[in-house]
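Step one of this worksheet: look at the structure below.
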Amino acid sequence: MKMQAAVLTEFNTPFQIETVELSPPQAGEVMIKMAASGVCHSDWHVVEGLSYFPLPIICGHEGAGIVESVGEGVTSVEPGDHVTLSFRANCDGCFYCQRGKPNLCEVYTPVLRSGLMKDGTSRIAWRDEPVHIMTGLGCFAEYVVIPEDAVVPVRRDVPLEVAALVGCAVSTGVGAAIYTADVRPGESVAVYGAGGVGLNIIMGAALCGADPIIAIDTNSSKMEIAREFGATHTLYSDESTIGQIQTLTQGRGADHVFESVGLQVLQEAGLEATRPGGTLTLVGLTPFGSGTNLPGAVITRTEKVVRGSFYGSVHPRRDFPMFLDMYSNGKLMLDELVTRRYRLNEINEAYANMLTGEVARGVIVF
Ligand code: CXF
Ligand code: ZN
């Protein structure tokens, strides 16, 4: 069947809205009619060629929609089900899945990087050439055909644009605080970056009972929304930031520092802002090949811990429904996260606005 999709044909060029050909789902695959796809910085990394995927590609990795049809052997969803997509499909059987780390599933690692299905083929063609999909999804299209392993059924009474955000920003941010870092009540938290992910880290830290929660950003328009999401203090990022974090934490530095932007300088500053024995959690993605100077001399002598957090250490099948229950019960402010909506053909404007930093989360609605 034919559908519209935003295709990236060359790095550092705009997305092109094209009519592409989509094949039906094969065994173990699901076709989903997309309802909403979030506008995340990681797609932009693909555009810039910093997060490498083969071209041509359909980006978009934070989506939700309604199951249209299923391939042979699919048992966990049926047509009509509302679903949130996981950008880290997992097999449930490998070394990592069996050890409770589905976010590291080793069966899907090479598949997701390849931009193709497990069998090395694509379900999408444009001008008779195969089109790749970002991290197993490709949500900037009217439909996706993806493995059942990436599809999580969710309750039908939540807006699908909210369900979409759970697929990246919410899991990455809330998960980083509640699971990866395991923030405890009364612990001090500092969060570098108050964008889509940073606000979710703040919200997760607040759920854990952290105090104080210090949000740091270069954009003063983020300060008010950071407070709405649970920040007790907001700092405009400059040379005085580390000193101010120390002042707010009895001179020691924070128990937990999170870096959500993906900038080496902030990762380095974050280590300084962490108290001896405290934990720096790296959430923002920096490009492969980039280096960060985290001095071993300091880490050894201060017992600071540096942790990576990928997809907030979540278990999609367990946690996507849980986050949506929490939203329904008023514990997660997800309506407030969506600050702009766009049509698919406005996608280039959506990314231009994301780059100015004034939008908490933009969402493409279909
Ligand atoms: C990313 C992780 C790396 C692949 C693309 C998606 N996650 C969140 O933005
Ligand atoms: Zn993302």
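Residues in the structure tokens are named by chain (A, B, ... in the order shown) and by number from 1 within that chain; ligands are numbered from 1 in the order shown.
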For this session: List all protein, DNA and RNA residues that have at least one atom no more than 6 Å from any atom of ligand 1, counting only C-alpha atoms and all ligand atoms, and write them as an NGL selection string.
Result: :A and (42 or 135 or 168)
Against ligand 2, which residues of chain A fall within 9 Å? For each one I want the closest pair of atoms and the distance in Å (one decimal), counting only C-alpha atoms and all ligand atoms, rows by chain and increasing residue number, as a Markdown table.
| residue | atom | partner | partner_atom_place_in_ligand_line | distance |
| --- | --- | --- | --- | --- |
| A:Gly38 | CA | ligand 2 | 1 (Zn) | 7.8 |
| A:Val39 | CA | ligand 2 | 1 (Zn) | 7.6 |
| A:Cys40 | CA | ligand 2 | 1 (Zn) | 4.6 |
| A:His41 | CA | ligand 2 | 1 (Zn) | 6.3 |
| A:Ser42 | CA | ligand 2 | 1 (Zn) | 5.1 |
| A:Asp43 | CA | ligand 2 | 1 (Zn) | 7.1 |
| A:Gly60 | CA | ligand 2 | 1 (Zn) | 8.1 |
| A:His61 | CA | ligand 2 | 1 (Zn) | 6.2 |
| A:Glu62 | CA | ligand 2 | 1 (Zn) | 6.2 |
| A:Phe87 | CA | ligand 2 | 1 (Zn) | 8.4 |
| A:Leu165 | CA | ligand 2 | 1 (Zn) | 8.9 |
| A:Gly167 | CA | ligand 2 | 1 (Zn) | 8.0 |
| A:Cys168 | CA | ligand 2 | 1 (Zn) | 4.8 |
| A:Ala169 | CA | ligand 2 | 1 (Zn) | 6.0 |
| A:Thr172 | CA | ligand 2 | 1 (Zn) | 8.1 |
| A:Gly196 | CA | ligand 2 | 1 (Zn) | 8.9 |
| A:Val197 | CA | ligand 2 | 1 (Zn) | 8.4 |
| A:Tyr311 | CA | ligand 2 | 1 (Zn) | 8.9 |
Take the residues just selected and output them with N, CA, C and O atoms as a PDB file, in the first residue's frame.
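The file below, selection11.pdb, is the result:
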ATOM      1  N   GLY A  38       6.670  11.825  18.545  1.00  0.00           N
ATOM      2  CA  GLY A  38       7.356  12.924  19.228  1.00  0.00           C
ATOM      3  C   GLY A  38       8.570  13.416  18.458  1.00  0.00           C
ATOM      4  O   GLY A  38       9.198  12.674  17.696  1.00  0.00           O
ATOM      5  N   VAL A  39       8.878  14.687  18.679  1.00  0.00           N
ATOM      6  CA  VAL A  39      10.008  15.358  18.028  1.00  0.00           C
ATOM      7  C   VAL A  39      11.155  15.388  19.037  1.00  0.00           C
ATOM      8  O   VAL A  39      11.119  16.142  20.002  1.00  0.00           O
ATOM      9  N   CYS A  40      12.150  14.511  18.817  1.00  0.00           N
ATOM     10  CA  CYS A  40      13.223  14.313  19.806  1.00  0.00           C
ATOM     11  C   CYS A  40      14.561  14.697  19.185  1.00  0.00           C
ATOM     12  O   CYS A  40      14.771  14.560  17.981  1.00  0.00           O
ATOM     13  N   HIS A  41      15.482  15.127  20.028  1.00  0.00           N
ATOM     14  CA  HIS A  41      16.801  15.541  19.529  1.00  0.00           C
ATOM     15  C   HIS A  41      17.555  14.396  18.846  1.00  0.00           C
ATOM     16  O   HIS A  41      18.370  14.630  17.950  1.00  0.00           O
ATOM     17  N   SER A  42      17.275  13.148  19.251  1.00  0.00           N
ATOM     18  CA  SER A  42      18.014  12.015  18.672  1.00  0.00           C
ATOM     19  C   SER A  42      17.765  11.875  17.174  1.00  0.00           C
ATOM     20  O   SER A  42      18.628  11.401  16.438  1.00  0.00           O
ATOM     21  N   ASP A  43      16.584  12.282  16.697  1.00  0.00           N
ATOM     22  CA  ASP A  43      16.336  12.258  15.246  1.00  0.00           C
ATOM     23  C   ASP A  43      17.262  13.257  14.561  1.00  0.00           C
ATOM     24  O   ASP A  43      17.752  13.022  13.460  1.00  0.00           O
ATOM     25  N   GLY A  60      12.197   9.075  13.522  1.00  0.00           N
ATOM     26  CA  GLY A  60      11.042   9.020  14.420  1.00  0.00           C
ATOM     27  C   GLY A  60      11.105   7.740  15.239  1.00  0.00           C
ATOM     28  O   GLY A  60      11.085   6.636  14.686  1.00  0.00           O
ATOM     29  N   HIS A  61      11.233   7.910  16.567  1.00  0.00           N
ATOM     30  CA  HIS A  61      11.414   6.731  17.427  1.00  0.00           C
ATOM     31  C   HIS A  61      10.612   6.866  18.713  1.00  0.00           C
ATOM     32  O   HIS A  61      10.887   6.193  19.690  1.00  0.00           O
ATOM     33  N   GLU A  62       9.639   7.807  18.720  1.00  0.00           N
ATOM     34  CA  GLU A  62       8.814   8.032  19.922  1.00  0.00           C
ATOM     35  C   GLU A  62       7.374   8.097  19.443  1.00  0.00           C
ATOM     36  O   GLU A  62       6.890   9.170  19.069  1.00  0.00           O
ATOM     37  N   PHE A  87      11.681   1.933  21.228  1.00  0.00           N
ATOM     38  CA  PHE A  87      12.794   2.086  20.282  1.00  0.00           C
ATOM     39  C   PHE A  87      13.924   1.113  20.578  1.00  0.00           C
ATOM     40  O   PHE A  87      14.961   1.121  19.940  1.00  0.00           O
ATOM     41  N   LEU A 165       4.816   9.819  24.023  1.00  0.00           N
ATOM     42  CA  LEU A 165       5.941  10.370  24.794  1.00  0.00           C
ATOM     43  C   LEU A 165       6.564   9.345  25.730  1.00  0.00           C
ATOM     44  O   LEU A 165       7.752   9.410  26.054  1.00  0.00           O
ATOM     45  N   GLY A 167       7.235   6.484  24.955  1.00  0.00           N
ATOM     46  CA  GLY A 167       8.184   5.685  24.176  1.00  0.00           C
ATOM     47  C   GLY A 167       9.602   6.216  24.148  1.00  0.00           C
ATOM     48  O   GLY A 167      10.524   5.481  23.778  1.00  0.00           O
ATOM     49  N   CYS A 168       9.814   7.503  24.505  1.00  0.00           N
ATOM     50  CA  CYS A 168      11.204   7.969  24.611  1.00  0.00           C
ATOM     51  C   CYS A 168      11.404   8.878  25.820  1.00  0.00           C
ATOM     52  O   CYS A 168      11.996   8.470  26.813  1.00  0.00           O
ATOM     53  N   ALA A 169      10.887  10.115  25.750  1.00  0.00           N
ATOM     54  CA  ALA A 169      11.258  11.115  26.766  1.00  0.00           C
ATOM     55  C   ALA A 169      10.912  10.685  28.190  1.00  0.00           C
ATOM     56  O   ALA A 169      11.718  10.837  29.112  1.00  0.00           O
ATOM     57  N   THR A 172      13.009   7.542  29.275  1.00  0.00           N
ATOM     58  CA  THR A 172      14.416   7.925  29.417  1.00  0.00           C
ATOM     59  C   THR A 172      14.635   8.787  30.658  1.00  0.00           C
ATOM     60  O   THR A 172      15.608   8.589  31.399  1.00  0.00           O
ATOM     61  N   GLY A 196      12.849  18.078  26.996  1.00  0.00           N
ATOM     62  CA  GLY A 196      11.922  16.944  27.093  1.00  0.00           C
ATOM     63  C   GLY A 196      12.399  15.882  28.066  1.00  0.00           C
ATOM     64  O   GLY A 196      11.624  15.385  28.897  1.00  0.00           O
ATOM     65  N   VAL A 197      13.681  15.522  28.014  1.00  0.00           N
ATOM     66  CA  VAL A 197      14.190  14.478  28.912  1.00  0.00           C
ATOM     67  C   VAL A 197      14.450  15.054  30.306  1.00  0.00           C
ATOM     68  O   VAL A 197      14.075  14.460  31.325  1.00  0.00           O
ATOM     69  N   TYR A 311      17.616   4.450  27.952  1.00  0.00           N
ATOM     70  CA  TYR A 311      16.173   4.190  28.003  1.00  0.00           C
ATOM     71  C   TYR A 311      15.711   4.087  29.460  1.00  0.00           C
ATOM     72  O   TYR A 311      14.807   3.324  29.782  1.00  0.00           O
TER      73      TYR A 311
END
Seminar exercise, completed: Separating atom CA of Asp217 of chain A from atom CA of Leu235 of chain A, to the nearest tenth of an Å, is a gap of 6.7 Å
For the interface of segment 4-52 of chain A with segment 345-359 of chain A (cut-off 9 Å, counting only C-alpha atoms), please tabulate each contacting residue of segment 4-52 of chain A alongside its nearest pair of atoms and their separation in Å to one decimal, rows sorted by chain and increasing number, as a tab-separated table.
residue	atom	partner	partner_atom	distance
A:Ala5	CA	A:Asn345	CA	9.0
A:Ala6	CA	A:Ile347	CA	7.8
A:Pro14	CA	A:Asn348	CA	6.3
A:Phe15	CA	A:Asn348	CA	6.4
A:Gln16	CA	A:Asn345	CA	8.5
A:Ile17	CA	A:Asn345	CA	6.4
A:Val39	CA	A:Tyr351	CA	7.0
A:Cys40	CA	A:Met354	CA	7.9
A:His41	CA	A:Met354	CA	7.7
A:Trp44	CA	A:Tyr351	CA	7.6
Contacts of segment 99-192 of chain A with segment 198-202 of chain A up to 6 Å, shortest pair per row, only C-alpha atoms, as CSV:
residue,atom,partner,partner_atom,distance
A:Val170,CA,A:Asn200,CA,5.7
A:Gly173,CA,A:Ile201,CA,4.2
A:Val174,CA,A:Ile201,CA,4.9
A:Ala177,CA,A:Ile201,CA,5.7
Seminar exercise, completed: Between atom CA of Gly253 of chain A and atom CA of Thr274 of chain A lies a distance of 4.8 Å
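Remark: for Asp255 of chain A, the closest of the candidate residues A:Glu187, A:Asp238, A:Glu224, A:Glu303 is A:Glu187 (distances computed over only C-alpha atoms).
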For this session: Grab the atom CA of Thr9 of chain A to atom CA of Val151 of chain A distance for me, in Å with one decimal place.
Result: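 We find that atom CA of Thr9 of chain A and atom CA of Val151 of chain A lie 26.7 Å from each other.
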For this session: Show which residues sit within 8 Å of Asp92 of chain A, as a list in words. Count only C-alpha atoms, and ignore same-chain residues fewer than 5 positions away.
Result: Cys97, Gln98, Pro102 and Cys105 of chain A
Using 7 Å as the limit and counting only C-alpha atoms, can you tabulate each residue of segment 1-48 of chain A that touches segment 66-81 of chain A, with its shortest atom-to-atom distance in Å and the two atoms involved, as CSV?
residue,atom,partner,partner_atom,distance
A:Pro25,CA,A:Gly71,CA,5.0
A:Gln26,CA,A:Gly71,CA,4.8
A:Ala27,CA,A:Glu72,CA,4.3
A:Gly28,CA,A:Val74,CA,5.2
A:Glu29,CA,A:Gly71,CA,5.2
A:Val30,CA,A:Val70,CA,4.5
A:Met31,CA,A:Ser69,CA,5.2
A:Ile32,CA,A:Val67,CA,4.4
A:Lys33,CA,A:Ile66,CA,5.3
A:Met34,CA,A:Ile66,CA,6.6
For this session: For Met326 of chain A, work out the shell of residues within 12 Å, counting only C-alpha atoms and skipping chain neighbours fewer than 5 positions away, then give it as number ranges by chain.
Result: A: 155, 158, 162-163, 166, 170, 174, 203-204, 207, 319-321, 331-334
For this session: Find the residues near segment 290-295 of chain A: any atom within 8 Å, counting only C-alpha atoms, skip ones fewer than 5 places away on the same chain, and give them as a list in words.
Result: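 What passes the distance filter is Gln264, Val265, Gln267, Glu268 and Leu271 of chain A.
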Could you save those same residues with N, CA and C atoms as an mmCIF file, in the first residue's frame?
data_model
loop_
_atom_site.group_PDB
_atom_site.id
_atom_site.type_symbol
_atom_site.label_atom_id
_atom_site.label_comp_id
_atom_site.auth_asym_id
_atom_site.auth_seq_id
_atom_site.Cartn_x
_atom_site.Cartn_y
_atom_site.Cartn_z
ATOM 1 N N GLN A 264 29.697 17.179 26.189
ATOM 2 C CA GLN A 264 30.849 16.789 26.997
ATOM 3 C C GLN A 264 31.120 17.784 28.120
ATOM 4 N N VAL A 265 31.046 19.093 27.818
ATOM 5 C CA VAL A 265 31.355 20.091 28.862
ATOM 6 C C VAL A 265 30.407 19.966 30.047
ATOM 7 N N GLN A 267 28.869 17.106 30.914
ATOM 8 C CA GLN A 267 29.217 15.857 31.605
ATOM 9 C C GLN A 267 30.385 16.117 32.564
ATOM 10 N N GLU A 268 31.354 16.913 32.096
ATOM 11 C CA GLU A 268 32.522 17.218 32.937
ATOM 12 C C GLU A 268 32.118 18.105 34.122
ATOM 13 N N LEU A 271 30.374 16.141 36.874
ATOM 14 C CA LEU A 271 31.208 15.396 37.829
ATOM 15 C C LEU A 271 31.657 16.316 38.957
#
Near Ala64 of chain A, within 6 Å and counting only C-alpha atoms, which residues show up once chain neighbours fewer than 6 positions away are dropped, as a short mmCIF file (atom, residue, chain, number, x, y, z; two decimals) with N, CA, C and O atoms, in the first residue's frame?
data_model
loop_
_atom_site.label_atom_id
_atom_site.label_comp_id
_atom_site.auth_asym_id
_atom_site.auth_seq_id
_atom_site.Cartn_x
_atom_site.Cartn_y
_atom_site.Cartn_z
N ALA A 35 -0.58 7.49 15.23
CA ALA A 35 -1.44 8.59 15.69
C ALA A 35 -0.60 9.79 16.11
O ALA A 35 -1.01 10.93 15.91
N ALA A 36 0.56 9.52 16.70
CA ALA A 36 1.41 10.62 17.20
C ALA A 36 2.86 10.18 17.23
O ALA A 36 3.16 9.03 17.55
N VAL A 83 -1.26 1.14 21.04
CA VAL A 83 0.10 0.69 21.38
C VAL A 83 1.08 1.86 21.45
O VAL A 83 0.92 2.86 20.74
N THR A 84 2.07 1.70 22.31
CA THR A 84 3.22 2.59 22.34
C THR A 84 4.39 1.78 21.80
O THR A 84 4.52 0.59 22.08
N LEU A 85 5.25 2.42 21.02
CA LEU A 85 6.37 1.71 20.39
C LEU A 85 7.63 1.86 21.22
O LEU A 85 7.91 2.94 21.76
N LEU A 160 -3.34 9.38 22.58
CA LEU A 160 -2.20 8.69 21.96
C LEU A 160 -0.96 9.57 21.88
O LEU A 160 0.16 9.08 21.84
N ALA A 163 0.64 8.78 25.06
CA ALA A 163 1.21 7.42 24.97
C ALA A 163 2.51 7.43 24.17
O ALA A 163 3.45 6.69 24.48
N ALA A 164 2.60 8.30 23.16
CA ALA A 164 3.81 8.37 22.34
C ALA A 164 5.01 8.81 23.19
O ALA A 164 6.10 8.22 23.10
#
